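*Asks:* Questions regarding the structure given below will be posed in turn.
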4 protein chains.
Amino acid sequence: MTRKPKQIRSQNTVETIVQGAFIALAKHGAEGATTRQIAEYAGVGVGSIYEYFENKEAIFSAMGERFSKELVGVIQGATTNVVRLSLRDAVYELIAQTAEFLKKDDELYLRCARESALMEKHVPFGPIYRALADLFIQHAIKHPEILRLNNLQTMTYIFINSGIATMIRYLNHPNPGFTFDDLARGLADMAGHYVERELGSM
Amino acid sequence: MTRKPKQIRSQNTVETIVQGAFIALAKHGAEGATTRQIAEYAGVGVGSIYEYFENKEAIFSAMGERFSKELVGVIQGATTNVVRLSLRDAVYELIAQTAEFLKKDDELYLRCARESALMEKHVPFGPIYRALADLFIQHAIKHPEILRLNNLQTMTYIFINSGIATMIRYLNHPNPGFTFDDLARGLADMAGHYVERELGSM
Amino acid sequence: MTRKPKQIRSQNTVETIVQGAFIALAKHGAEGATTRQIAEYAGVGVGSIYEYFENKEAIFSAMGERFSKELVGVIQGATTNVVRLSLRDAVYELIAQTAEFLKKDDELYLRCARESALMEKHVPFGPIYRALADLFIQHAIKHPEILRLNNLQTMTYIFINSGIATMIRYLNHPNPGFTFDDLARGLADMAGHYVERELGSM
Amino acid sequence: MTRKPKQIRSQNTVETIVQGAFIALAKHGAEGATTRQIAEYAGVGVGSIYEYFENKEAIFSAMGERFSKELVGVIQGATTNVVRLSLRDAVYELIAQTAEFLKKDDELYLRCARESALMEKHVPFGPIYRALADLFIQHAIKHPEILRLNNLQTMTYIFINSGIATMIRYLNHPNPGFTFDDLARGLADMAGHYVERELGSM
DNA sequence: AATGAATGAGATTTCATTCAT
DNA sequence: TATGAATGAAATCTCATTCAT
């Protein structure tokens, strides 16, 4: 078995370390995730971490980026399907897909999202917003009446943040009074009603 | 001549320490809130912290509780006024009051809210939810038509969490595309439109 | 109730503190006995300790002295009786009395003796040796043949140290193979046999 | 080319730290044996201590064990020679060897023995007693008359404890009235006379 | 004289980071 | 390249001692 070319092995090791970091974060929380643990979960030596990352902070950045990229992927993957739906159904579908994404790998990301240190400080939200904006534009192409809305930017901001925050909070501390599906439907209705009312009243 | 030194002095020192902790958290983030820093900002010796708190964690709990209590006070203080308003205006007013609360003391609380470690782990949200629920009931007494809404619990949950999360996020990273007032109005509209549409369609 | 004269009150407080220190030492060991605890067990404020003692070390010295004085008292109290007995019986009696002394007050002294920090560093053994020497002389007056022993000083040293050390060790970690009385008898026999053999062989 | 670094290096570091702890204890007493001091005398960083020991307590345990093991070694090493001697000479020889052991390395162990915290709490006396018991049995094989003694267990206990305690006490606070050799001879005579008298009187 | 809140030096312990192998 | 033993700065916490009341 010949040595794999440098790039590939490095790439793999980097990925391995980031994955170890996600596991460590999910298991022990932001404060509890030591470099030793990350190395252990990653199955590499502590020294190796510093071959690929400037410092611990850099791992968190890489985690945030991976999270962001994957979520963008989810959004883009859903686009073709979602643009065909009504706004209400589109929102519902998007939330469902995102929940799926957060819960995969034994809720790895969800458990990390709890540690908002990661979310707030290291996840680059820009690409996520842009992906959603793209989706929105493509949706608008098929449903042009929505463009008649004013304060579109503000409301997009509200919907997105509301959706993400409420979803994460519910998934982390489920409220026994209603199901996650109720919540998703509620968020979809909120967006749908708003738009209908706004457009209808014009 | 009355005997009260113990209680009073202790109470003061406890308050002083908690205030120092808020300042330390606001100034240096979660990492910077070391016991030394806290003691320094509080203007007491490190040892004094341990006269009144079991350990560092206990300070964070006390902070969370103080935050929760004060916010509940804000909500209750706003009640008389808010219940008279339309839902839309009520939401707007509540957001404005909360923003005021978060920004007082040179944005002390707002800057702390950024450190979601505090928010997620130490702020007891129960009392806040209950205060808002009380407010809601009193509002409903004056505006009984709102009771015709179904899934009231879910939508309340969504509105509250959306409101808090979006507000904090905006205040922390203001989006140059629109003002905070735009945001507050947007949230108010979202709630207002939703209710109108829901009730109107019945 | 008029204020007691200074001397008496102070004397009492000093005694109270020393007693508290013995209790603290017995309960929590040398490392665990903090000034706070000593004050607590003594029923006085921490500050009061420093009214009467230069520092913590001084309390230990006072404890050592009290221990020494009381033990000397025990020895002297036993003298009249002991001098009449044979050496063997005298040793036995002395050991019994000392054991009694160590076990009084719910084994207060015994439990403190475990912490040899106190024994080695703070108990002044001089007075104890002198008391035993006195006892020995008075015994010798009635049993003059013992004076024919040579290396009297060395053997006295050995007997005393052996006796104390073995007794304390047994009382602290009783050996299930034999009773304390067996031990006392053994020590008495050891001394008795030695003397008999030494004198008999001359 | 053999792979052993981990074991060997660790073993060395562990030994180094324990040695540093003995030096610190000997030089500065129980109070002075701080982790910092230990690390300094061992010539390692403080952090290294915690690579190999759970906590400070664990170092003391390791010290106690090393002491016990080495003393057992001394006893076993002396066995062949000692069993040939009369009881009196055997005791004398054993004391001499032990004194040698305590005084080696510039009295390292002797100065540590002063801190009875170590002796009482951390030295496992079991193995030492067993080694002495073994020695005793082998001695008895060559000198079977000694087995006619009754209360053998009690007297062994007394001799051993007396010997150790008296020796350590003398070495720590030499009594100018007689030499260590006098003491050793005295202890040997004590045992010897006792046995002779006991057997002779049968 | 008596108090105990306040203090801060210093102890133990952790953990990100380095570097010799 | 990969490793993990070694490191030491810095964190948390303790406790003898002081001093205003």
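By order in the structure tokens, chains are A, B, ...; within a chain, residues start at 1; ligands start at 1, following the order shown.
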Give me, as a Markdown table, the closest atom pair and its distance (Å, one decimal) for every residue of chain E within a cut-off of 9 Å of chain D, counting only C-alpha atoms (C1' of nucleotides), rows sorted by chain and rising number.
*Replies:*
| residue | atom | partner | partner_atom | distance |
| --- | --- | --- | --- | --- |
| E:DA11 | C1' | D:Thr34 | CA | 7.5 |
| E:DT12 | C1' | D:Thr35 | CA | 7.6 |
| E:DT13 | C1' | D:Tyr50 | CA | 8.1 |
| E:DT14 | C1' | D:Gly47 | CA | 8.5 |
*Asks:* For Gly29 (chain C), find every residue with an atom within 9 Å (counting only C-alpha atoms (C1' of nucleotides)), except residues of its own chain fewer than 3 positions away, and show them as a PyMOL selection string.
*Replies:* chain C and resi 24-26+32-33+111-112+114-115
*Asks:* Counting only C-alpha atoms (C1' of nucleotides), which residues from chain F have an atom at most 10 Å from any atom of chain B, and could you show them as a ChimeraX atom specification?
*Replies:* /F:11-15,21
*Asks:* For chain C, which of D:Ala165, D:Pro174, D:Gln76, D:Phe180 is the closest residue, counting only C-alpha atoms?
*Replies:*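 Using only C-alpha atoms, the shortest distance to chain C belongs to D:Ala165.
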*Asks:* Residues of chain A within 7 Å of chain B: nearest atom pair and distance (Å, one decimal) for each, counting only C-alpha atoms, sorted by chain and number, as CSV?
*Replies:*
residue,atom,partner,partner_atom,distance
A:Glu115,CA,B:Ala117,CA,6.9
A:Ser116,CA,B:Ser116,CA,5.5
A:Ala117,CA,B:Ser116,CA,6.5
A:Thr154,CA,B:Leu183,CA,6.3
A:Met155,CA,B:Gly186,CA,6.3
A:Ile158,CA,B:Thr166,CA,6.4
A:Asn161,CA,B:Thr166,CA,5.7
A:Ser162,CA,B:Ser162,CA,4.2
A:Ala165,CA,B:Ala165,CA,6.2
A:Thr166,CA,B:Asn161,CA,5.7
A:Phe178,CA,B:Thr154,CA,6.6
A:Leu183,CA,B:Thr154,CA,6.3
A:Gly186,CA,B:Met155,CA,6.3
A:Met190,CA,B:Tyr194,CA,5.9
A:His193,CA,B:Tyr194,CA,5.3
A:Tyr194,CA,B:His193,CA,5.3
A:Arg197,CA,B:Arg197,CA,6.1
*Asks:* Give me the residues within 12 Å of Ala58 (chain C) as number ranges by chain, counting only C-alpha atoms (C1' of nucleotides) and dropping any in the same chain fewer than 5 places off.
*Replies:* C: 14, 17-18, 21, 35, 49-53, 63-65, 118, 121-122
*Asks:* Mind giving me the straight-line distance from CA of Asp106 (chain A) to CA of Ile23 (chain A) in Å, one decimal?
*Replies:*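 So the two atoms, CA of Asp106 (chain A) and CA of Ile23 (chain A), lie 10.2 Å apart.
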